[in-house]
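Okay, final38.txt now, which holds compact mmCIF, C-alpha atoms:
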```txt
# COMPACT_ATOMS: atom_id res chain seq x y z
CA MET Q 1 34.41 -18.96 -3.32
CA LEU Q 2 34.29 -16.04 -0.88
CA ARG Q 3 34.36 -18.48 2.02
CA SER Q 4 37.42 -20.21 0.57
CA LEU Q 5 39.10 -16.84 0.04
CA ILE Q 6 38.54 -15.78 3.66
CA ALA Q 7 39.71 -19.15 4.94
CA GLY Q 8 42.85 -18.89 2.83
CA ILE Q 9 43.64 -15.43 4.21
CA VAL Q 10 43.16 -16.67 7.80
CA LEU Q 11 45.50 -19.58 7.18
CA ALA Q 12 48.04 -17.20 5.63
CA PHE Q 13 48.14 -14.98 8.72
CA ALA Q 14 48.37 -18.02 10.96
CA GLY Q 15 51.28 -19.38 8.95
CA SER Q 16 53.12 -16.07 9.08
CA ARG Q 17 52.76 -15.85 12.86
CA ALA Q 18 53.84 -19.45 13.33
CA ASN Q 19 57.04 -18.99 11.29
CA VAL Q 20 58.47 -15.69 12.53
CA ALA Q 21 62.10 -16.52 11.63
CA ARG Q 22 61.12 -17.39 8.06
CA THR Q 23 59.02 -14.24 7.81
CA ILE Q 24 61.93 -12.05 8.91
CA LEU Q 25 64.25 -13.80 6.47
CA SER Q 26 61.80 -13.21 3.63
CA CYS Q 27 61.45 -9.54 4.56
CA THR Q 28 65.09 -8.56 4.16
CA GLY Q 29 65.30 -8.26 0.38
CA ILE Q 30 61.84 -6.69 0.11
CA VAL Q 31 62.67 -4.05 2.72
CA VAL Q 32 65.74 -2.95 0.78
CA GLY Q 33 63.97 -2.93 -2.61
CA VAL Q 34 60.80 -1.20 -1.43
CA GLY Q 35 62.81 1.27 0.62
CA ALA Q 36 64.87 2.17 -2.44
CA LEU Q 37 61.72 2.70 -4.51
CA VAL Q 38 60.07 4.86 -1.86
CA LEU Q 39 63.19 7.00 -1.43
CA VAL Q 40 63.46 7.52 -5.20
CA VAL Q 41 59.80 8.54 -5.48
CA SER Q 42 60.11 10.84 -2.45
CA ALA Q 43 63.33 12.44 -3.70
CA SER Q 44 61.85 12.94 -7.17
CA ASP Q 45 58.69 14.50 -5.76
CA PHE Q 46 60.67 16.81 -3.47
CA GLY Q 47 63.08 17.74 -6.26
CA GLN Q 48 60.26 18.70 -8.62
CA ARG Q 49 58.42 20.73 -5.97
CA PHE Q 50 61.61 22.44 -4.83
CA ALA Q 51 62.75 23.16 -8.40
CA THR Q 52 59.35 24.67 -9.22
CA ALA Q 53 59.32 26.86 -6.10
CA TYR Q 54 62.97 27.81 -6.62
CA SER Q 55 62.31 28.82 -10.22
CA GLU Q 56 59.15 30.73 -9.30
CA ALA Q 57 60.98 32.67 -6.59
CA ASN Q 58 64.12 33.40 -8.58
CA ALA Q 59 63.11 33.48 -12.23
CA GLY Q 60 59.32 33.52 -12.54
CA ARG Q 61 56.31 31.28 -12.80
CA PRO Q 62 55.67 29.35 -16.04
CA ALA Q 63 55.98 30.87 -18.56
CA THR Q 64 57.99 34.02 -17.79
CA LEU Q 65 59.94 35.98 -20.38
CA GLU Q 66 62.53 38.65 -19.77
CA VAL Q 67 62.29 41.33 -22.45
CA SER Q 68 65.01 43.93 -23.00
CA VAL Q 69 65.69 46.79 -25.39
CA PHE Q 70 69.37 47.50 -26.13
CA GLU Q 71 71.13 50.20 -28.16
CA GLU Q 72 67.99 52.22 -28.88
CA THR Q 73 65.72 54.42 -26.82
CA ILE Q 74 62.08 53.86 -25.92
CA THR Q 75 60.30 57.17 -26.42
CA ASP Q 76 56.86 56.01 -25.29
CA ARG Q 77 57.02 53.62 -22.36
CA ALA Q 78 53.22 53.37 -22.06
CA ALA Q 79 52.91 52.26 -25.69
CA PHE Q 80 55.68 49.72 -25.16
CA GLU Q 81 53.85 48.22 -22.19
CA GLU Q 82 50.59 48.10 -24.15
CA ASP Q 83 52.35 46.19 -26.91
CA LEU Q 84 53.81 43.75 -24.37
CA VAL Q 85 50.23 42.89 -23.45
CA ARG Q 86 49.13 42.72 -27.09
CA ALA Q 87 51.99 40.33 -27.81
CA GLY Q 88 50.58 37.90 -25.26
CA GLY Q 89 51.66 39.20 -21.85
CA ARG Q 90 49.21 38.32 -19.07
CA ASP Q 91 51.27 40.07 -16.38
CA VAL Q 92 53.81 42.78 -17.17
CA SER Q 93 56.25 44.39 -14.74
CA LEU Q 94 59.15 46.76 -15.04
CA TYR Q 95 62.39 45.08 -13.99
CA GLN Q 96 64.81 47.97 -14.23
CA SER Q 97 68.17 48.63 -12.61
CA PRO Q 98 68.59 52.33 -11.76
CA VAL Q 99 70.85 54.46 -13.96
CA GLU Q 100 72.92 55.34 -10.90
CA PRO Q 101 72.65 52.76 -8.11
CA PRO Q 102 71.88 54.67 -4.90
CA ALA Q 103 73.32 54.14 -1.47
CA ILE Q 104 71.07 53.29 1.46
CA ARG Q 105 71.37 54.29 5.10
CA SER Q 106 69.58 54.08 8.41
CA GLY Q 107 70.97 56.24 11.19
CA ASP Q 108 74.76 56.07 11.06
CA THR Q 109 74.79 52.83 9.02
CA VAL Q 110 75.46 53.38 5.31
CA VAL Q 111 75.44 50.58 2.70
CA THR Q 112 76.83 51.47 -0.71
CA GLU Q 113 77.05 48.05 -2.39
CA ALA Q 114 73.32 47.21 -2.42
CA SER Q 115 71.63 46.43 -5.74
CA PHE Q 116 68.22 47.95 -6.54
CA THR Q 117 65.54 46.97 -9.05
CA GLY Q 118 62.57 49.10 -10.04
CA VAL Q 119 59.41 46.98 -10.33
CA ASP Q 120 55.60 47.12 -10.49
CA PRO Q 121 53.13 45.41 -8.12
CA SER Q 122 52.42 42.84 -10.86
CA LEU Q 123 55.84 41.28 -10.29
CA GLY Q 124 54.18 39.52 -7.34
CA ASP Q 125 51.98 37.69 -9.88
CA ILE Q 126 54.96 36.81 -12.05
CA ARG Q 127 57.25 35.50 -9.32
CA ARG Q 128 56.77 33.80 -5.97
CA MET Q 129 57.58 36.34 -3.27
CA ASN Q 130 58.46 34.63 0.01
CA MET Q 131 58.02 37.38 2.60
CA LEU Q 132 59.71 37.11 5.97
CA GLU Q 133 58.03 40.24 7.27
CA GLY Q 134 55.49 42.71 5.97
CA ARG Q 135 53.88 42.41 2.55
CA TRP Q 136 54.39 42.81 -1.18
CA PHE Q 137 53.53 45.99 -3.11
CA THR Q 138 49.94 46.87 -3.98
CA ASP Q 139 48.53 49.40 -6.46
CA ALA Q 140 47.63 51.65 -3.53
CA ASP Q 141 51.35 52.06 -2.73
CA THR Q 142 51.91 53.94 -5.99
CA GLY Q 143 50.19 56.95 -4.40
CA SER Q 144 52.71 57.14 -1.58
CA LEU Q 145 54.47 60.52 -1.21
CA ALA Q 146 57.71 58.69 -0.43
CA PRO Q 147 59.33 55.88 -2.47
CA VAL Q 148 58.19 52.44 -1.30
CA MET Q 149 60.74 49.66 -0.95
CA ILE Q 150 61.13 45.99 -0.02
CA VAL Q 151 64.57 44.74 1.09
CA ASN Q 152 66.01 41.25 1.36
CA GLU Q 153 66.89 39.80 4.75
CA GLU Q 154 70.64 40.43 4.48
CA LEU Q 155 70.13 44.11 3.70
CA ALA Q 156 67.53 44.39 6.47
CA ALA Q 157 70.03 42.94 8.94
CA ALA Q 158 72.78 45.27 7.69
CA ILE Q 159 70.85 48.54 7.97
CA GLY Q 160 69.08 47.65 11.22
CA ASP Q 161 66.26 50.12 11.86
CA LEU Q 162 63.83 49.93 8.93
CA ALA Q 163 61.75 52.87 10.14
CA GLN Q 164 64.39 55.50 9.30
CA VAL Q 165 65.69 54.39 5.91
CA GLN Q 166 66.99 56.85 3.32
CA VAL Q 167 68.42 56.32 -0.15
CA GLY Q 168 70.12 58.61 -2.59
CA THR Q 169 72.91 59.43 -5.00
CA ASP Q 170 73.70 63.13 -4.70
CA HIS Q 171 71.16 63.74 -1.92
CA TRP Q 172 69.27 61.61 0.58
CA MET Q 173 65.58 60.79 0.20
CA ASP Q 174 63.29 59.23 2.80
CA VAL Q 175 61.80 55.86 1.76
CA ARG Q 176 59.16 53.61 3.28
CA VAL Q 177 60.16 49.95 3.77
CA ILE Q 178 57.03 47.79 3.86
CA GLY Q 179 58.50 44.29 3.82
CA VAL Q 180 61.49 41.98 4.11
CA LEU Q 181 61.94 39.29 1.48
CA GLU Q 182 63.69 35.97 1.85
CA SER Q 183 67.04 36.17 0.13
CA SER Q 184 67.10 34.69 -3.36
CA ALA Q 185 69.88 32.65 -4.92
CA LEU Q 186 69.65 34.94 -7.94
CA ASP Q 187 69.92 38.22 -6.03
CA SER Q 188 72.21 40.40 -8.11
CA GLY Q 189 74.10 41.34 -4.96
CA TRP Q 190 74.54 40.25 -1.38
CA TYR Q 191 72.27 43.13 -0.44
CA SER Q 192 69.28 43.78 -2.70
CA ALA Q 193 66.03 45.71 -2.71
CA TYR Q 194 62.96 46.29 -4.89
CA ILE Q 195 61.75 49.85 -5.47
CA LEU Q 196 58.13 50.32 -6.49
CA ARG Q 197 57.77 52.37 -9.67
CA SER Q 198 55.69 55.42 -8.78
CA PRO Q 199 55.85 59.21 -9.21
CA ALA Q 200 57.80 59.39 -5.97
CA SER Q 201 60.50 56.95 -7.20
CA GLU Q 202 60.94 58.16 -10.82
CA GLU Q 203 64.13 59.99 -9.93
CA LEU Q 204 65.59 56.96 -8.14
CA ILE Q 205 64.88 54.53 -10.98
CA PHE Q 206 65.25 56.67 -14.10
CA GLY Q 207 67.30 59.61 -12.93
CA SER Q 208 64.52 62.08 -13.85
CA GLY Q 209 61.18 62.93 -12.28
CA SER Q 210 59.78 64.48 -15.44
CA SER Q 211 57.61 62.54 -17.89
CA ASP Q 212 57.44 64.83 -20.94
CA ASP Q 213 58.62 63.32 -24.23
CA GLU Q 214 61.81 65.32 -24.57
CA GLU Q 215 63.14 64.48 -21.12
CA GLU Q 216 61.91 60.88 -21.43
CA GLU Q 217 64.00 60.50 -24.56
CA SER Q 218 66.98 62.10 -22.81
CA GLU Q 219 66.46 59.67 -19.94
CA ALA Q 220 66.53 56.70 -22.32
CA GLU Q 221 69.61 58.04 -24.10
CA ALA Q 222 71.36 58.46 -20.78
CA MET Q 223 70.47 54.88 -19.81
CA TYR Q 224 71.82 53.58 -23.14
CA ALA Q 225 75.00 55.63 -22.79
CA MET Q 226 75.59 54.08 -19.39
CA GLY Q 227 74.92 50.57 -20.70
CA VAL Q 228 71.62 50.08 -18.85
CA PRO Q 229 68.98 48.36 -21.07
CA THR Q 230 65.25 48.77 -20.60
CA THR Q 231 64.07 45.51 -19.05
CA TYR Q 232 60.67 44.02 -18.28
CA GLN Q 233 59.44 40.68 -17.01
CA VAL Q 234 56.38 39.30 -18.81
CA ARG Q 235 54.35 36.21 -17.97
CA ILE Q 236 52.45 34.63 -20.85
CA ASP Q 237 50.02 31.74 -21.10
CA PRO Q 238 51.98 28.45 -20.79
CA GLU Q 239 49.86 27.14 -23.69
CA ASP Q 240 50.94 30.07 -25.90
CA PRO Q 241 53.23 28.90 -28.76
CA ALA Q 242 55.72 31.56 -27.60
CA ALA Q 243 56.14 29.59 -24.36
CA ASP Q 244 57.67 26.71 -26.35
CA ASP Q 245 60.38 29.01 -27.70
CA PRO Q 246 63.10 29.34 -25.03
CA TRP Q 247 64.95 31.99 -27.06
CA GLY Q 248 61.89 34.23 -27.30
CA GLU Q 249 62.02 34.67 -31.06
CA VAL Q 250 58.25 34.22 -31.45
CA PHE Q 251 57.46 36.83 -28.80
CA THR Q 252 60.15 39.18 -30.12
CA GLU Q 253 58.67 38.99 -33.62
CA ARG Q 254 55.22 39.85 -32.30
CA LEU Q 255 56.57 42.75 -30.29
CA GLY Q 256 58.83 44.06 -33.03
CA SER Q 257 55.97 44.43 -35.51
CA ALA Q 258 54.89 47.61 -33.69
CA SER Q 259 58.26 48.90 -32.51
CA TRP Q 260 57.78 52.18 -34.39
CA ARG Q 261 55.11 53.12 -31.84
CA TRP Q 262 57.68 53.45 -29.09
CA GLY Q 263 60.62 54.78 -31.10
CA VAL Q 264 62.68 51.63 -31.83
CA GLU Q 265 63.59 51.33 -35.51
CA ASN Q 266 65.97 48.38 -35.40
CA ARG Q 267 64.29 45.16 -34.32
CA GLU Q 268 67.70 43.71 -33.51
CA SER Q 269 67.62 45.95 -30.46
CA LEU Q 270 64.85 43.77 -29.01
CA SER Q 271 65.73 40.69 -26.99
CA SER Q 272 63.55 38.25 -25.09
CA TYR Q 273 64.07 34.81 -23.62
CA ARG Q 274 62.24 32.48 -21.30
CA SER Q 275 63.74 33.06 -17.87
CA ASP Q 276 62.00 30.38 -15.78
CA TYR Q 277 63.77 27.02 -15.77
CA ALA Q 278 61.61 24.69 -13.67
CA GLU Q 279 60.64 22.69 -16.76
CA MET Q 280 64.26 21.94 -17.66
CA THR Q 281 65.10 21.04 -14.07
CA ASN Q 282 62.06 18.78 -13.76
CA GLU Q 283 63.05 17.01 -16.99
CA ALA Q 284 66.54 16.36 -15.64
CA ILE Q 285 65.09 15.11 -12.34
CA ALA Q 286 62.71 12.82 -14.25
CA TYR Q 287 65.57 11.19 -16.19
CA LEU Q 288 67.61 10.76 -13.01
CA SER Q 289 64.59 9.28 -11.22
CA LEU Q 290 64.09 6.75 -14.02
CA ALA Q 291 67.70 5.62 -13.69
CA LEU Q 292 67.42 5.29 -9.91
CA MET Q 293 64.10 3.47 -10.18
CA GLY Q 294 65.77 1.01 -12.52
CA ILE Q 295 68.36 0.27 -9.86
CA ALA Q 296 65.62 -0.02 -7.21
CA ALA Q 297 63.66 -2.38 -9.48
CA VAL Q 298 66.71 -4.65 -9.79
CA THR Q 299 67.02 -4.67 -6.00
CA LEU Q 300 63.32 -5.43 -5.65
CA THR Q 301 63.64 -8.28 -8.14
CA THR Q 302 66.39 -9.74 -5.98
CA GLY Q 303 64.00 -9.54 -3.04
CA LEU Q 304 61.32 -11.29 -5.10
CA LEU Q 305 63.68 -14.17 -5.84
CA GLY Q 306 64.49 -14.40 -2.15
CA VAL Q 307 60.81 -14.61 -1.19
CA LEU Q 308 60.23 -17.14 -3.97
CA ASN Q 309 63.08 -19.31 -2.75
CA VAL Q 310 61.89 -19.19 0.85
CA GLY Q 311 58.35 -19.94 -0.33
CA LEU Q 312 59.45 -23.06 -2.20
CA VAL Q 313 61.40 -24.29 0.82
CA THR Q 314 58.42 -23.58 3.05
CA VAL Q 315 56.00 -25.53 0.89
CA ARG Q 316 58.34 -28.49 0.90
CA GLU Q 317 58.68 -28.35 4.69
CA ARG Q 318 54.91 -27.92 5.24
CA ARG Q 319 53.68 -30.75 3.03
CA ARG Q 320 52.25 -32.65 6.02
CA GLU Q 321 50.50 -29.48 7.30
CA LEU Q 322 49.00 -28.67 3.89
CA ALA Q 323 47.97 -32.29 3.35
CA THR Q 324 46.21 -32.25 6.73
CA TYR Q 325 44.24 -29.15 5.70
CA ARG Q 326 43.19 -30.95 2.50
CA ALA Q 327 42.20 -34.06 4.46
CA LEU Q 328 40.06 -31.94 6.80
CA GLY Q 329 38.10 -30.54 3.85
CA ALA Q 330 40.00 -27.45 2.72
CA SER Q 331 39.54 -26.88 -1.01
CA ARG Q 332 42.38 -26.52 -3.49
CA PHE Q 333 41.46 -22.86 -3.94
CA THR Q 334 41.68 -22.29 -0.17
CA LEU Q 335 45.19 -23.74 -0.06
CA PHE Q 336 46.22 -21.76 -3.14
CA VAL Q 337 45.02 -18.52 -1.51
CA ALA Q 338 46.69 -19.46 1.78
CA VAL Q 339 50.11 -19.95 0.20
CA VAL Q 340 49.88 -16.87 -2.04
CA MET Q 341 48.47 -14.65 0.70
CA GLU Q 342 51.18 -15.73 3.12
CA SER Q 343 53.73 -14.47 0.62
CA VAL Q 344 51.75 -11.24 0.17
CA VAL Q 345 51.46 -10.74 3.93
CA VAL Q 346 55.20 -11.17 4.34
CA SER Q 347 55.85 -8.68 1.56
CA LEU Q 348 53.38 -6.12 2.95
CA VAL Q 349 55.01 -6.36 6.36
CA ALA Q 350 58.35 -5.73 4.65
CA GLY Q 351 56.79 -2.80 2.77
CA ILE Q 352 55.50 -1.23 6.00
CA ILE Q 353 58.92 -1.66 7.62
CA ALA Q 354 60.56 -0.06 4.56
CA ILE Q 355 58.18 2.92 4.60
CA ALA Q 356 58.78 3.45 8.34
CA GLY Q 357 62.54 3.34 7.73
CA CYS Q 358 62.26 5.78 4.84
CA TRP Q 359 60.20 8.16 6.97
CA ALA Q 360 62.95 8.18 9.58
CA VAL Q 361 65.66 8.69 6.96
CA LEU Q 362 63.79 11.59 5.35
CA ALA Q 363 63.07 13.20 8.72
CA VAL Q 364 66.79 13.21 9.55
CA GLY Q 365 67.69 14.22 5.99
CA GLY Q 366 65.21 17.12 6.08
CA ALA Q 367 66.67 18.39 9.34
CA VAL Q 368 70.22 18.20 7.97
CA LEU Q 369 69.24 19.80 4.63
CA GLY Q 370 67.35 22.55 6.45
CA SER Q 371 70.54 23.55 8.25
CA PHE Q 372 72.24 24.27 4.90
CA VAL Q 373 69.34 25.40 2.67
CA GLN Q 374 66.31 27.45 3.68
CA LEU Q 375 63.38 25.31 2.57
CA PRO Q 376 59.98 26.95 1.92
CA ASP Q 377 57.40 26.07 4.57
CA ASP Q 378 55.10 24.49 1.98
CA ILE Q 379 57.80 22.19 0.57
CA PRO Q 380 58.71 19.68 3.29
CA LEU Q 381 60.92 16.69 2.68
CA ASN Q 382 58.59 13.77 3.33
CA ILE Q 383 57.02 10.69 1.73
CA PRO Q 384 54.28 11.75 -0.70
CA PRO Q 385 51.06 9.71 -0.99
CA ALA Q 386 52.37 8.37 -4.29
CA GLY Q 387 55.43 7.03 -2.47
CA VAL Q 388 53.27 5.10 0.00
CA LEU Q 389 51.16 3.68 -2.81
CA VAL Q 390 54.24 2.69 -4.82
CA GLY Q 391 55.84 1.10 -1.77
CA LEU Q 392 52.86 -0.96 -0.67
CA GLY Q 393 51.76 -1.72 -4.23
CA SER Q 394 55.18 -2.98 -5.28
CA ALA Q 395 55.47 -5.03 -2.07
CA ALA Q 396 52.08 -6.66 -2.65
CA LEU Q 397 52.91 -7.32 -6.31
CA VAL Q 398 56.22 -8.94 -5.41
CA GLY Q 399 54.49 -11.09 -2.80
CA LEU Q 400 51.81 -12.12 -5.29
CA LEU Q 401 54.32 -13.06 -7.98
CA ALA Q 402 56.57 -14.85 -5.50
CA GLY Q 403 53.66 -16.86 -4.08
CA ILE Q 404 52.16 -18.24 -7.28
CA ILE Q 405 54.85 -20.85 -8.03
CA PRO Q 406 55.00 -22.24 -4.45
CA ALA Q 407 51.18 -22.32 -4.39
CA MET Q 408 51.07 -24.34 -7.62
CA ARG Q 409 53.73 -26.65 -6.19
CA ALA Q 410 51.61 -27.13 -3.06
CA LEU Q 411 48.53 -28.03 -5.09
CA GLY Q 412 50.50 -30.57 -7.11
CA ALA Q 413 51.67 -32.45 -4.01
CA SER Q 414 49.99 -35.77 -3.11
CA VAL Q 415 47.72 -35.65 -0.03
CA VAL Q 416 48.49 -39.28 0.86
CA ALA Q 417 52.25 -38.78 0.57
CA GLY Q 418 51.98 -35.67 2.68
CA LEU Q 419 50.08 -37.43 5.49
CA ARG Q 420 52.66 -40.26 5.58
CA GLU Q 421 55.51 -37.86 6.35
```

Would you mind writing the file out in structure tokens?
Amino acid sequence: MLRSLIAGIVLAFAGSRANVARTILSCTGIVVGVGALVLVVSASDFGQRFATAYSEANAGRPATLEVSVFEETITDRAAFEEDLVRAGGRDVSLYQSPVEPPAIRSGDTVVTEASFTGVDPSLGDIRRMNMLEGRWFTDADTGSLAPVMIVNEELAAAIGDLAQVQVGTDHWMDVRVIGVLESSALDSGWYSAYILRSPASEELIFGSGSSDDEEEESEAEAMYAMGVPTTYQVRIDPEDPAADDPWGEVFTERLGSASWRWGVENRESLSSYRSDYAEMTNEAIAYLSLALMGIAAVTLTTGLLGVLNVGLVTVRERRRELATYRALGASRFTLFVAVVMESVVVSLVAGIIAIAGCWAVLAVGGAVLGSFVQLPDDIPLNIPPAGVLVGLGSAALVGLLAGIIPAMRALGASVVAGLRE
């Protein structure tokens, strides 16, 4: 049986080489169908990877919640942060807009429209931070005698010299810029910066450097009066039931059970919601991919019918050749394999051509897309391994299905009638 199988494969390759025009004709429909399938798989894979990276950079890794306290004051911030962890938070970071947004300057250049956010080093575990230069905050930076800051690339370009940066409201304060971040689509302003929460930056973020209870309460009241809520970003376990609640009611209920510890009497003042959106985007991409794959499958079916038609014509034209093989001792199984494998070979050649064409299309598309959108280095637009497997697998399957009927027709033909032709 193995000998017959090998002989059939050899005859299939010989037949393909001897009938180049027919092979090219058979390839056309398969190339289009396989190419469509490969492009759909590649686009879906890229869309999911890009959506995940985009969400992680702009809204947080799965599952990230944004927790805010409105209308009431937090009198014990440390207790509040402890309860965020008790409620299920794996990583907790302040995400606070300053009471009075400061201006920023370097030399004679002053920027007044920049947005600032006070954060903790743990925000780097909650969100993907794509650094252009420098590094993200570490716990060691909290001991700095000067406020530590990271700016986005637009703000870095606007202020110029990052070694002589100052910020302030009623007076200027020296700050240390340790990194430049790729601009985010969700930056709250064209120019934005993160300020590390530390003793040196208390005045910038909260408007007060003191931490005693009376002034802390006054600070919170001032923030409420100016319409600035207390905001944190919290990443929980994706398997946590609270992660399945996009409106954050489960997490809010857990947190609100101990609100008296940090001075909030009305639980309605608490608000939380799931801020990352990669899951929703991936779901939309999945539905779109299914629709496109349906169209590609129809195209591939058309290619299958084309190969089937050419195969039937070929068998009819090669009756003398096939009868000669039988007369020389070739078994029925050998001829069956030869006819089927010839169809598979043709389809695989078409699949390889389609994959090569898709690679070229994606290379050009990636270059064009890169000129409009800054793509992360680890998310290239290319054909994933799954795309290659789908392309070659579907091509081989189409060839196999298209070759069975002509092969059965060839076996049913009379050897004597074939030799008389």

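Pairwise distance (atom CA of Q:Val298, atom CA of Q:Ala284) equals 21.8 Å.
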
Show which residues sit within 10 Å of Q:Leu204, as a ChimeraX atom specification. Count only C-alpha atoms, and ignore same-chain residues fewer than 6 positions away. /Q:97-102,116,118,147,167-169,173,195,197

Closest of Q:Leu400, Q:Gln233, Q:His171, Q:Tyr54 to Q:Glu203 - atom-to-atom distances counting only C-alpha atoms: Q:His171

Excluding stretch 37-48 of chain Q and residues on its chain fewer than 5 positions from it, collect all residues at most 8 Å away from it, counting only C-alpha atoms, and give them as a tab-separated table (two decimals) with C-alpha atoms, in the frame of the given file.
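result.tsv, written as the output of this step:
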```tsv
chain	number	residue	atom	x	y	z
Q	278	ALA	CA	61.61	24.69	-13.67
Q	281	THR	CA	65.10	21.04	-14.07
Q	282	ASN	CA	62.06	18.78	-13.76
Q	285	ILE	CA	65.09	15.11	-12.34
Q	286	ALA	CA	62.71	12.82	-14.25
Q	289	SER	CA	64.59	9.28	-11.22
Q	292	LEU	CA	67.42	5.29	-9.91
Q	293	MET	CA	64.10	3.47	-10.18
Q	296	ALA	CA	65.62	-0.02	-7.21
Q	297	ALA	CA	63.66	-2.38	-9.48
Q	355	ILE	CA	58.18	2.92	4.60
Q	358	CYS	CA	62.26	5.78	4.84
Q	379	ILE	CA	57.80	22.19	0.57
Q	380	PRO	CA	58.71	19.68	3.29
Q	381	LEU	CA	60.92	16.69	2.68
Q	382	ASN	CA	58.59	13.77	3.33
Q	383	ILE	CA	57.02	10.69	1.73
Q	384	PRO	CA	54.28	11.75	-0.70
Q	386	ALA	CA	52.37	8.37	-4.29
Q	387	GLY	CA	55.43	7.03	-2.47
Q	388	VAL	CA	53.27	5.10	0.00
Q	390	VAL	CA	54.24	2.69	-4.82
Q	391	GLY	CA	55.84	1.10	-1.77
```

Pick from Q:Ser394, Q:Thr28, Q:Ser55, Q:Ser68: nearest to Q:Tyr277, with only C-alpha atoms counted?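 Closest residue, counting only C-alpha atoms: Q:Ser55.
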
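Closest approach to Q:Val264 among Q:Glu153, Q:Asp276, Q:Asp240, Q:Asp76 is made by Q:Asp76 (distances from only C-alpha atoms).
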
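If all atoms listed in the file are the atoms counted, then among Q:Ala57, Q:Ala367, Q:Ala356, Q:Val34 the closest residue to Q:Leu181 is Q:Ala57.
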
Quick one: residues within 7 Å of Q:Val234, all atoms listed in the file, excluding same-chain residues fewer than 6 positions away - as a PyMOL selection string? chain Q and resi 64-66+89+91-93

Near-Q:Leu84 list (12 Å; all atoms listed in the file; drop same-chain fewer than 3 positions) as a PyMOL selection string: chain Q and resi 65-68+77-81+87-94+231-236+251-259+262+270+272

Taking all atoms of stretch 268-281 of chain Q that the file lists, what box with edges along x, y and z, padded by 5 Å per side, do you get, with centre and edge lengths in Å to one decimal, as AutoDock Vina command-line options?
```
--center_x 64.2 --center_y 33.5 --center_z -23.6 --size_x 17.1 --size_y 34.9 --size_z 29.8
```

Which residue gives the smallest distance to Q:Ala51 among Q:Leu290, Q:Val349, Q:Leu389, Q:Met280, with all atoms listed in the file counted? Q:Met280

Rounded to one decimal, what separation in Å do you get between atom CA of Q:Val69 and atom CA of Q:Glu265?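 Distance reported for this atom pair: 11.3 Å.
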
Atom pair atom CA of Q:Val344 / atom CA of Q:Gly393: separation (Å):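 Between atom CA of Q:Val344 and atom CA of Q:Gly393 the gap works out to 10.5 Å.
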
With distances taken over only C-alpha atoms, which residue among Q:Pro62, Q:Gly403, Q:Gly370, Q:Pro121 lies nearest Q:Asp244?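 Closest to Q:Asp244, using only C-alpha atoms: Q:Pro62.
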